>>> print(open('entry.cif').read())   # mmCIF, C-alpha atoms
data_input
#
loop_
_atom_site.group_PDB
_atom_site.id
_atom_site.type_symbol
_atom_site.label_atom_id
_atom_site.label_comp_id
_atom_site.auth_asym_id
_atom_site.auth_seq_id
_atom_site.Cartn_x
_atom_site.Cartn_y
_atom_site.Cartn_z
ATOM 1 C CA MET A 1042 5.184 60.797 110.397
ATOM 2 C CA LEU A 1043 3.702 57.304 110.087
ATOM 3 C CA ASP A 1044 5.757 54.607 108.392
ATOM 4 C CA LYS A 1045 4.509 53.932 104.832
ATOM 5 C CA LEU A 1046 4.924 50.179 105.257
ATOM 6 C CA ALA A 1047 2.925 50.325 108.506
ATOM 7 C CA GLN A 1048 0.078 52.171 106.822
ATOM 8 C CA LYS A 1049 -0.255 49.330 104.310
ATOM 9 C CA SER A 1050 -0.050 46.544 106.912
ATOM 10 C CA THR A 1051 -2.703 44.668 108.883
ATOM 11 C CA VAL A 1052 -1.733 43.027 112.168
ATOM 12 C CA LEU A 1053 -3.844 40.280 113.728
ATOM 13 C CA VAL A 1054 -3.692 40.333 117.526
ATOM 14 C CA VAL A 1055 -4.665 37.010 119.091
ATOM 15 C CA ASP A 1056 -5.190 37.153 122.880
ATOM 16 C CA ASP A 1057 -7.964 35.928 125.174
ATOM 17 C CA LEU A 1058 -7.563 38.861 127.632
ATOM 18 C CA PRO A 1059 -9.340 42.134 126.722
ATOM 19 C CA LEU A 1060 -6.734 44.254 128.522
ATOM 20 C CA ASN A 1061 -3.882 42.752 126.508
ATOM 21 C CA ARG A 1062 -5.778 43.265 123.249
ATOM 22 C CA LYS A 1063 -6.510 46.889 124.192
ATOM 23 C CA LEU A 1064 -2.872 47.599 125.028
ATOM 24 C CA GLN A 1065 -1.533 46.048 121.824
ATOM 25 C CA ARG A 1066 -4.128 47.911 119.766
ATOM 26 C CA LEU A 1067 -3.059 51.199 121.355
ATOM 27 C CA PHE A 1068 0.617 50.617 120.590
ATOM 28 C CA LEU A 1069 0.038 49.343 117.051
ATOM 29 C CA THR A 1070 -2.449 52.025 115.941
ATOM 30 C CA GLU A 1071 -0.052 54.681 117.197
ATOM 31 C CA GLY A 1072 2.517 53.043 114.949
ATOM 32 C CA GLY A 1073 0.160 53.355 111.962
ATOM 33 C CA TYR A 1074 -0.965 49.726 111.690
ATOM 34 C CA ARG A 1075 -4.464 48.474 111.003
ATOM 35 C CA VAL A 1076 -5.385 46.071 113.803
ATOM 36 C CA ILE A 1077 -7.853 43.183 113.852
ATOM 37 C CA PHE A 1078 -8.506 40.814 116.766
ATOM 38 C CA ALA A 1079 -9.188 37.206 117.657
ATOM 39 C CA GLU A 1080 -10.001 36.033 121.184
ATOM 40 C CA ASP A 1081 -8.802 32.446 120.808
ATOM 41 C CA GLY A 1082 -7.014 30.081 118.451
ATOM 42 C CA ILE A 1083 -10.105 28.895 116.566
ATOM 43 C CA GLU A 1084 -11.168 32.458 115.802
ATOM 44 C CA ALA A 1085 -7.578 33.299 114.868
ATOM 45 C CA LEU A 1086 -7.530 30.677 112.114
ATOM 46 C CA GLN A 1087 -10.860 32.007 110.799
ATOM 47 C CA LYS A 1088 -9.526 35.575 110.760
ATOM 48 C CA VAL A 1089 -6.337 34.510 108.996
ATOM 49 C CA LYS A 1090 -8.379 32.826 106.258
ATOM 50 C CA LYS A 1091 -10.714 35.797 105.885
ATOM 51 C CA HIS A 1092 -8.289 38.752 106.153
ATOM 52 C CA SER A 1093 -4.826 37.404 105.221
ATOM 53 C CA PRO A 1094 -3.036 39.642 107.762
ATOM 54 C CA ASP A 1095 0.512 40.822 107.131
ATOM 55 C CA LEU A 1096 1.668 39.789 110.604
ATOM 56 C CA ILE A 1097 0.266 37.949 113.651
ATOM 57 C CA LEU A 1098 0.892 38.727 117.318
ATOM 58 C CA LEU A 1099 -0.036 35.411 118.889
ATOM 59 C CA ASP A 1100 -0.500 34.784 122.602
ATOM 60 C CA VAL A 1101 0.754 31.378 123.739
ATOM 61 C CA MET A 1102 -1.549 30.661 126.692
ATOM 62 C CA MET A 1103 -5.138 30.477 125.375
ATOM 63 C CA PRO A 1104 -8.171 28.228 125.872
ATOM 64 C CA ARG A 1105 -9.300 25.629 123.284
ATOM 65 C CA MET A 1106 -6.117 25.907 121.191
ATOM 66 C CA ASP A 1107 -2.830 27.333 122.433
ATOM 67 C CA GLY A 1108 -0.498 29.562 120.436
ATOM 68 C CA PHE A 1109 1.863 26.735 119.520
ATOM 69 C CA GLN A 1110 -0.975 24.794 117.885
ATOM 70 C CA VAL A 1111 -2.254 27.867 116.028
ATOM 71 C CA CYS A 1112 1.266 28.666 114.814
ATOM 72 C CA ARG A 1113 1.721 25.113 113.565
ATOM 73 C CA HIS A 1114 -1.590 25.219 111.633
ATOM 74 C CA ILE A 1115 -0.670 28.506 109.949
ATOM 75 C CA LYS A 1116 2.866 27.456 109.053
ATOM 76 C CA ASN A 1117 1.724 24.090 107.672
ATOM 77 C CA ASN A 1118 -0.682 25.770 105.242
ATOM 78 C CA SER A 1119 0.950 26.693 101.933
ATOM 79 C CA GLN A 1120 -1.308 29.744 101.585
ATOM 80 C CA THR A 1121 -0.442 31.230 104.995
ATOM 81 C CA ARG A 1122 2.992 29.843 105.828
ATOM 82 C CA PHE A 1123 4.817 33.077 104.968
ATOM 83 C CA ILE A 1124 2.808 35.287 107.352
ATOM 84 C CA PRO A 1125 5.281 36.344 110.099
ATOM 85 C CA ILE A 1126 4.256 35.252 113.616
ATOM 86 C CA ILE A 1127 5.478 36.797 116.863
ATOM 87 C CA LEU A 1128 4.676 34.623 119.862
ATOM 88 C CA VAL A 1129 3.661 36.676 122.898
ATOM 89 C CA THR A 1130 4.392 34.815 126.113
ATOM 90 C CA ALA A 1131 4.883 35.295 129.809
ATOM 91 C CA LEU A 1132 7.143 32.254 129.732
ATOM 92 C CA ASN A 1133 10.849 32.862 129.390
ATOM 93 C CA GLU A 1134 11.980 29.257 129.616
ATOM 94 C CA ILE A 1135 14.246 28.038 126.848
ATOM 95 C CA GLU A 1136 11.966 25.007 126.374
ATOM 96 C CA SER A 1137 9.066 27.301 125.401
ATOM 97 C CA LYS A 1138 11.182 29.106 122.808
ATOM 98 C CA ILE A 1139 12.368 25.812 121.349
ATOM 99 C CA LYS A 1140 8.751 24.648 121.143
ATOM 100 C CA GLY A 1141 7.827 27.935 119.414
ATOM 101 C CA ILE A 1142 10.658 27.608 116.900
ATOM 102 C CA GLU A 1143 9.589 24.046 116.136
ATOM 103 C CA ALA A 1144 6.037 25.313 115.562
ATOM 104 C CA GLY A 1145 7.389 27.857 113.050
ATOM 105 C CA ALA A 1146 7.386 31.113 115.028
ATOM 106 C CA ASP A 1147 9.458 33.933 113.520
ATOM 107 C CA ASP A 1148 10.084 35.881 116.742
ATOM 108 C CA PHE A 1149 9.161 36.110 120.440
ATOM 109 C CA ILE A 1150 8.260 38.895 122.822
ATOM 110 C CA ALA A 1151 7.737 38.463 126.542
ATOM 111 C CA LYS A 1152 5.032 39.992 128.707
ATOM 112 C CA PRO A 1153 4.931 42.636 129.975
ATOM 113 C CA PHE A 1154 6.273 44.037 126.710
ATOM 114 C CA ASN A 1155 7.699 47.449 125.996
ATOM 115 C CA LYS A 1156 5.955 49.574 123.348
ATOM 116 C CA LEU A 1157 9.178 50.444 121.499
ATOM 117 C CA GLU A 1158 10.359 46.834 121.539
ATOM 118 C CA LEU A 1159 6.992 45.622 120.233
ATOM 119 C CA LEU A 1160 6.937 48.147 117.375
ATOM 120 C CA ALA A 1161 10.578 47.449 116.510
ATOM 121 C CA ARG A 1162 9.980 43.689 116.255
ATOM 122 C CA VAL A 1163 6.813 44.167 114.187
ATOM 123 C CA LYS A 1164 8.525 46.629 111.854
ATOM 124 C CA SER A 1165 11.555 44.380 111.434
ATOM 125 C CA LEU A 1166 9.521 41.315 110.462
ATOM 126 C CA LEU A 1167 7.282 43.285 108.105
ATOM 127 C CA ARG A 1168 10.337 44.750 106.394
ATOM 128 C CA ILE A 1169 11.746 41.239 105.915
ATOM 129 C CA LYS A 1170 8.395 40.045 104.559
ATOM 130 C CA HIS A 1171 8.198 43.036 102.208
ATOM 131 C CA LEU A 1172 11.748 42.443 100.925
ATOM 132 C CA ASN A 1173 10.995 38.734 100.452
ATOM 133 C CA LYS A 1174 7.855 39.639 98.483
ATOM 134 C CA GLU A 1175 9.873 41.973 96.270
ATOM 135 C CA LEU A 1176 12.460 39.238 95.773
ATOM 136 C CA GLN A 1177 9.771 36.733 94.759
ATOM 137 C CA GLN A 1178 8.351 39.252 92.290
ATOM 138 C CA LYS A 1179 11.818 39.789 90.790
ATOM 139 C CA ILE A 1180 12.298 36.026 90.523
ATOM 140 C CA ARG A 1181 8.933 35.661 88.748
ATOM 141 C CA GLN A 1182 9.815 38.510 86.380
ATOM 142 C CA LEU A 1183 13.160 36.879 85.663
ATOM 143 C CA GLU A 1184 11.502 33.519 84.981
ATOM 144 C CA GLU A 1185 8.981 35.182 82.649
ATOM 145 C CA ALA A 1186 11.800 36.984 80.845
ATOM 146 C CA GLN A 1187 13.697 33.713 80.453
ATOM 147 C CA ILE A 1188 10.607 32.054 78.987
ATOM 148 C CA LYS A 1189 10.207 34.937 76.528
ATOM 149 C CA LEU A 1190 13.881 34.804 75.574
ATOM 150 C CA LYS A 1191 13.686 31.056 75.047
ATOM 151 C CA LYS A 1192 10.629 31.519 72.868
ATOM 152 C CA LEU A 1193 12.369 34.251 70.860
ATOM 153 C CA ALA A 1194 15.368 31.973 70.369
ATOM 154 C CA ILE A 1195 13.300 29.183 68.793
ATOM 155 C CA THR A 1196 10.586 31.071 66.883
ATOM 156 C CA ASP A 1197 10.456 33.140 63.749
ATOM 157 C CA GLY A 1198 9.772 36.756 64.656
ATOM 158 C CA LEU A 1199 7.416 37.443 61.752
ATOM 159 C CA THR A 1200 5.194 34.365 61.681
ATOM 160 C CA GLY A 1201 5.473 32.913 65.182
ATOM 161 C CA ALA A 1202 6.307 29.524 63.672
ATOM 162 C CA TYR A 1203 9.399 27.688 64.887
ATOM 163 C CA ASN A 1204 12.638 28.749 63.209
ATOM 164 C CA TYR A 1205 15.122 26.670 61.191
ATOM 165 C CA ARG A 1206 17.451 26.149 64.158
ATOM 166 C CA PHE A 1207 14.710 24.636 66.318
ATOM 167 C CA PHE A 1208 13.401 22.602 63.374
ATOM 168 C CA LYS A 1209 16.831 21.053 62.798
ATOM 169 C CA GLU A 1210 17.418 20.318 66.494
ATOM 170 C CA GLN A 1211 14.004 18.689 66.915
ATOM 171 C CA LEU A 1212 14.216 16.617 63.758
ATOM 172 C CA GLU A 1213 17.596 15.246 64.797
ATOM 173 C CA LYS A 1214 16.209 14.380 68.270
ATOM 174 C CA GLU A 1215 13.119 12.748 66.784
ATOM 175 C CA LEU A 1216 15.234 10.701 64.383
ATOM 176 C CA ILE A 1217 17.203 9.273 67.308
ATOM 177 C CA ARG A 1218 13.931 8.387 69.047
ATOM 178 C CA ALA A 1219 12.439 6.908 65.878
ATOM 179 C CA LYS A 1220 15.494 4.692 65.319
ATOM 180 C CA ARG A 1221 15.320 3.463 68.908
ATOM 181 C CA HIS A 1222 11.601 2.630 68.771
ATOM 182 C CA ASN A 1223 11.361 1.705 65.075
ATOM 183 C CA ASN A 1224 8.870 4.510 64.308
ATOM 184 C CA HIS A 1225 8.185 6.568 61.189
ATOM 185 C CA ILE A 1226 8.760 10.315 60.856
ATOM 186 C CA SER A 1227 7.630 12.310 57.846
ATOM 187 C CA ILE A 1228 8.865 15.653 56.574
ATOM 188 C CA VAL A 1229 6.797 18.033 54.469
ATOM 189 C CA MET A 1230 8.646 20.834 52.681
ATOM 190 C CA MET A 1231 6.489 23.529 51.097
ATOM 191 C CA ASP A 1232 7.017 26.690 49.108
ATOM 192 C CA ILE A 1233 4.524 29.466 48.332
ATOM 193 C CA ASP A 1234 3.913 29.560 44.578
ATOM 194 C CA TYR A 1235 4.860 32.812 42.801
ATOM 195 C CA PHE A 1236 5.440 34.506 46.154
ATOM 196 C CA LYS A 1237 8.032 36.942 44.768
ATOM 197 C CA GLN A 1238 5.553 38.071 42.134
ATOM 198 C CA TYR A 1239 2.919 38.711 44.834
ATOM 199 C CA ASN A 1240 5.429 40.501 47.065
ATOM 200 C CA ASP A 1241 6.704 42.714 44.236
ATOM 201 C CA ALA A 1242 3.172 43.604 43.142
ATOM 202 C CA HIS A 1243 1.704 44.416 46.545
ATOM 203 C CA GLY A 1244 4.654 45.183 48.826
ATOM 204 C CA HIS A 1245 6.278 43.565 51.810
ATOM 205 C CA PRO A 1246 3.397 44.191 54.263
ATOM 206 C CA ALA A 1247 1.098 42.163 52.012
ATOM 207 C CA GLY A 1248 3.740 39.452 51.675
ATOM 208 C CA ASP A 1249 4.182 39.358 55.435
ATOM 209 C CA TYR A 1250 0.426 38.949 55.827
ATOM 210 C CA VAL A 1251 0.503 35.887 53.559
ATOM 211 C CA LEU A 1252 3.405 34.348 55.497
ATOM 212 C CA ARG A 1253 1.671 34.875 58.845
ATOM 213 C CA THR A 1254 -1.623 33.502 57.541
ATOM 214 C CA ILE A 1255 -0.032 30.338 56.167
ATOM 215 C CA ALA A 1256 1.872 29.829 59.438
ATOM 216 C CA ASN A 1257 -1.466 30.020 61.296
ATOM 217 C CA ILE A 1258 -3.074 27.512 58.937
ATOM 218 C CA LEU A 1259 -0.195 25.102 59.556
ATOM 219 C CA ARG A 1260 -0.327 25.462 63.343
ATOM 220 C CA ASN A 1261 -4.085 24.999 63.446
ATOM 221 C CA ASN A 1262 -4.086 21.845 61.340
ATOM 222 C CA ILE A 1263 -1.369 19.681 62.827
ATOM 223 C CA ARG A 1264 -1.258 17.804 66.142
ATOM 224 C CA ASN A 1265 0.353 19.238 69.252
ATOM 225 C CA ILE A 1266 3.238 16.780 68.929
ATOM 226 C CA ASP A 1267 4.004 17.869 65.353
ATOM 227 C CA ILE A 1268 6.182 20.862 64.441
ATOM 228 C CA ALA A 1269 5.575 23.665 61.930
ATOM 229 C CA ALA A 1270 8.563 25.836 61.072
ATOM 230 C CA ARG A 1271 9.489 28.640 58.734
ATOM 231 C CA TYR A 1272 12.403 27.085 56.909
ATOM 232 C CA GLY A 1273 13.443 30.308 55.227
ATOM 233 C CA GLY A 1274 11.977 33.021 52.976
ATOM 234 C CA GLU A 1275 8.652 31.732 51.662
ATOM 235 C CA GLU A 1276 9.456 28.121 52.539
ATOM 236 C CA PHE A 1277 7.866 26.209 55.440
ATOM 237 C CA ALA A 1278 8.445 22.722 56.814
ATOM 238 C CA LEU A 1279 6.552 20.222 58.938
ATOM 239 C CA ILE A 1280 7.790 17.400 61.147
ATOM 240 C CA LEU A 1281 5.049 14.797 61.507
ATOM 241 C CA ILE A 1282 5.872 12.527 64.431
ATOM 242 C CA GLU A 1283 5.144 8.780 64.151
ATOM 243 C CA THR A 1284 3.580 9.362 60.736
ATOM 244 C CA ASN A 1285 4.128 7.066 57.769
ATOM 245 C CA HIS A 1286 4.239 8.137 54.138
ATOM 246 C CA LYS A 1287 0.559 7.492 53.435
ATOM 247 C CA ALA A 1288 -0.617 9.416 56.498
ATOM 248 C CA ALA A 1289 1.779 12.269 55.705
ATOM 249 C CA SER A 1290 0.377 12.529 52.195
ATOM 250 C CA ILE A 1291 -3.124 12.926 53.640
ATOM 251 C CA VAL A 1292 -1.973 15.713 55.980
ATOM 252 C CA ALA A 1293 -0.059 17.481 53.212
ATOM 253 C CA GLU A 1294 -2.983 17.336 50.779
ATOM 254 C CA LYS A 1295 -5.377 18.614 53.447
ATOM 255 C CA ILE A 1296 -3.137 21.625 54.139
ATOM 256 C CA ARG A 1297 -2.565 22.281 50.444
ATOM 257 C CA LYS A 1298 -6.331 22.392 49.890
ATOM 258 C CA LEU A 1299 -6.925 24.629 52.935
ATOM 259 C CA ILE A 1300 -4.407 27.155 51.609
ATOM 260 C CA GLU A 1301 -5.858 27.003 48.094
ATOM 261 C CA ASP A 1302 -9.382 27.576 49.438
ATOM 262 C CA PHE A 1303 -8.419 30.399 51.797
ATOM 263 C CA ASN A 1304 -9.417 33.872 50.590
ATOM 264 C CA PHE A 1305 -6.132 35.802 50.725
ATOM 265 C CA LYS A 1306 -6.195 39.544 50.086
ATOM 266 C CA LEU A 1307 -5.192 40.569 46.550
ATOM 267 C CA GLU A 1308 -4.646 36.936 45.487
ATOM 268 C CA GLU A 1309 -6.551 37.479 42.246
ATOM 269 C CA SER A 1310 -3.363 38.975 40.760
ATOM 270 C CA GLN A 1311 -1.598 35.583 41.020
ATOM 271 C CA PRO A 1312 -1.201 33.505 37.821
ATOM 272 C CA SER A 1313 -3.825 31.005 39.033
ATOM 273 C CA GLY A 1314 -5.914 33.670 40.762
ATOM 274 C CA LYS A 1315 -5.131 32.037 44.120
ATOM 275 C CA ILE A 1316 -2.337 31.841 46.691
ATOM 276 C CA THR A 1317 -1.143 28.225 46.576
ATOM 277 C CA VAL A 1318 1.755 26.069 47.782
ATOM 278 C CA SER A 1319 3.828 23.253 46.326
ATOM 279 C CA MET A 1320 4.895 20.399 48.598
ATOM 280 C CA GLY A 1321 7.368 17.543 48.784
ATOM 281 C CA VAL A 1322 7.107 14.704 51.313
ATOM 282 C CA SER A 1323 9.788 12.338 52.608
ATOM 283 C CA THR A 1324 9.585 9.665 55.312
ATOM 284 C CA PHE A 1325 12.020 7.964 57.651
ATOM 285 C CA PRO A 1326 13.357 5.354 57.153
ATOM 286 C CA GLU A 1327 12.451 4.552 53.532
ATOM 287 C CA ASP A 1328 13.396 7.957 52.049
ATOM 288 C CA GLY A 1329 16.411 8.630 54.266
ATOM 289 C CA LYS A 1330 17.853 7.991 57.688
ATOM 290 C CA THR A 1331 19.556 11.310 58.435
ATOM 291 C CA PHE A 1332 18.483 14.940 58.593
ATOM 292 C CA ASN A 1333 20.207 15.800 55.324
ATOM 293 C CA GLU A 1334 18.872 12.763 53.464
ATOM 294 C CA LEU A 1335 15.276 13.465 54.434
ATOM 295 C CA ILE A 1336 15.511 17.199 53.671
ATOM 296 C CA ASP A 1337 17.210 16.589 50.317
ATOM 297 C CA THR A 1338 14.542 14.067 49.290
ATOM 298 C CA ALA A 1339 11.652 16.320 50.350
ATOM 299 C CA ASP A 1340 13.318 19.271 48.578
ATOM 300 C CA ARG A 1341 13.702 17.329 45.321
ATOM 301 C CA ARG A 1342 10.043 16.394 45.423
ATOM 302 C CA LEU A 1343 9.081 19.985 46.218
ATOM 303 C CA TYR A 1344 10.878 21.246 43.113
ATOM 304 C CA LYS A 1345 9.373 18.421 41.110
ATOM 305 C CA ALA A 1346 5.968 19.754 42.207
ATOM 306 C CA LYS A 1347 7.019 23.170 40.896
ATOM 307 C CA GLU A 1348 8.073 21.681 37.579
ATOM 308 C CA MET A 1349 4.785 19.772 37.271
ATOM 309 C CA GLY A 1350 2.737 22.993 37.461
ATOM 310 C CA ARG A 1351 2.740 23.930 41.182
ATOM 311 C CA ASN A 1352 -0.115 23.703 43.726
ATOM 312 C CA ARG A 1353 0.407 19.994 44.295
ATOM 313 C CA VAL A 1354 1.956 17.427 46.652
ATOM 314 C CA VAL A 1355 4.677 15.129 45.284
ATOM 315 C CA LEU A 1356 5.321 11.923 47.194
ATOM 316 C CA GLN A 1357 7.772 10.051 44.948
#
>>> encode(input="entry.cif", output="structure tokens")
Amino acid sequence: MLDKLAQKSTVLVVDDLPLNRKLQRLFLTEGGYRVIFAEDGIEALQKVKKHSPDLILLDVMMPRMDGFQVCRHIKNNSQTRFIPIILVTALNEIESKIKGIEAGADDFIAKPFNKLELLARVKSLLRIKHLNKELQQKIRQLEEAQIKLKKLAITDGLTGAYNYRFFKEQLEKELIRAKRHNNHISIVMMDIDYFKQYNDAHGHPAGDYVLRTIANILRNNIRNIDIAARYGGEEFALILIETNHKAASIVAEKIRKLIEDFNFKLEESQPSGKITVSMGVSTFPEDGKTFNELIDTADRRLYKAKEMGRNRVVLQ
């Protein structure tokens, strides 16, 4: 029964002598391998580029470009460097093997070679290559899983916005940077007006839809360096990097208007007939120099906006 790994593998035989190519083809096809040929080093490099073989049996003594040169070209190319190469040589001198190792060869076999030895060496290197490929796949899967886990750790599961933990960590880091470089940072705290009334009237799925939609509006209308987070419940927060109070007020008013103008499902049942938000803005350093000071100031202004009739931005 043919080896399953062999049936999936292509071997490139590089030899300038027809008899040698014929003999290697006979041995390899009996072992279940697909065999392609090159008659010299130049053709070998062309075949490697075109077919991406799983393994190369490479004769050392060839015209135009010898096996050592071909091996060096293949191993110096990032796209082909992991293809196993067995150097086929009539030379048994230690100097030749050292030269082959320096060129990047993975194994050697001397002429005249034995069929069983040839197949054993080919199978061994292909197994190593296959195991290495599986290992690389596992490493990539692990890296992808780590990226997903990291994302889950810093984002809100419902809205995809950053969560409170990440918001707090980033604001504290940005405050350190702002103090060092004498920059402004602005915070916008916002709360969805009459959200509980909407949620009670239409159910949690409808409320979740509103939260996700507002999170999308925030993400799509701030810069890449800024941060939009779900602060908790129906409350969101923005960190506006290197943004003074006047600029922050412009951003906040723009977002407030975008939310007011958006056609939310079932919003006609709201007291104003629209889904709206109230906002409070604070800026470092004039409104506070610590996380708590800035949040407290923005929160006070947010609730002042509520007291003043909602759907507005309060700056002072």
>>> residues_around(input="entry.cif", residues="region 1146-1155 of chain A", least_positions_apart="2", cutoff="10 Å", atoms="only C-alpha atoms", output="JSON, numbers by chain")
{"A": [1061, 1064, 1065, 1068, 1097, 1098, 1099, 1100, 1108, 1109, 1112, 1113, 1115, 1116, 1123, 1124, 1125, 1126, 1127, 1128, 1129, 1130, 1131, 1132, 1133, 1138, 1139, 1140, 1141, 1142, 1143, 1144, 1157, 1158, 1159, 1160, 1161, 1162, 1163, 1166]}
>>> closest_residue(input="entry.cif", among="A:Lys1306, A:Lys1091, A:Lys1170, A:Lys1347", to="His1243 (chain A)", atoms="all atoms listed in the file")
A:Lys1306
>>> closest_residue(input="entry.cif", among="A:Phe1325, A:Tyr1344, A:Tyr1272, A:Phe1078", to="Phe1208 (chain A)", atoms="all atoms listed in the file")
A:Tyr1272
>>> atom_distance(input="entry.cif", atom1="CA of Glu1327 (chain A)", atom2="CA of Glu1213 (chain A)")
16.4 Å
>>> closest_residue(input="entry.cif", among="A:Ala1278, A:Val1111, A:Ile1228, A:Val1354", to="Arg1260 (chain A)", atoms="all atoms listed in the file")
A:Ala1278
>>> closest_residue(input="entry.cif", among="A:Ser1290, A:Asn1333, A:Ser1093, A:Asn1352", to="Thr1317 (chain A)", atoms="all atoms listed in the file")
A:Asn1352
>>> closest_residue(input="entry.cif", among="A:Val1318, A:Ala1270, A:Arg1221, A:Ile1077", to="Ile1195 (chain A)", atoms="all atoms listed in the file")
A:Ala1270
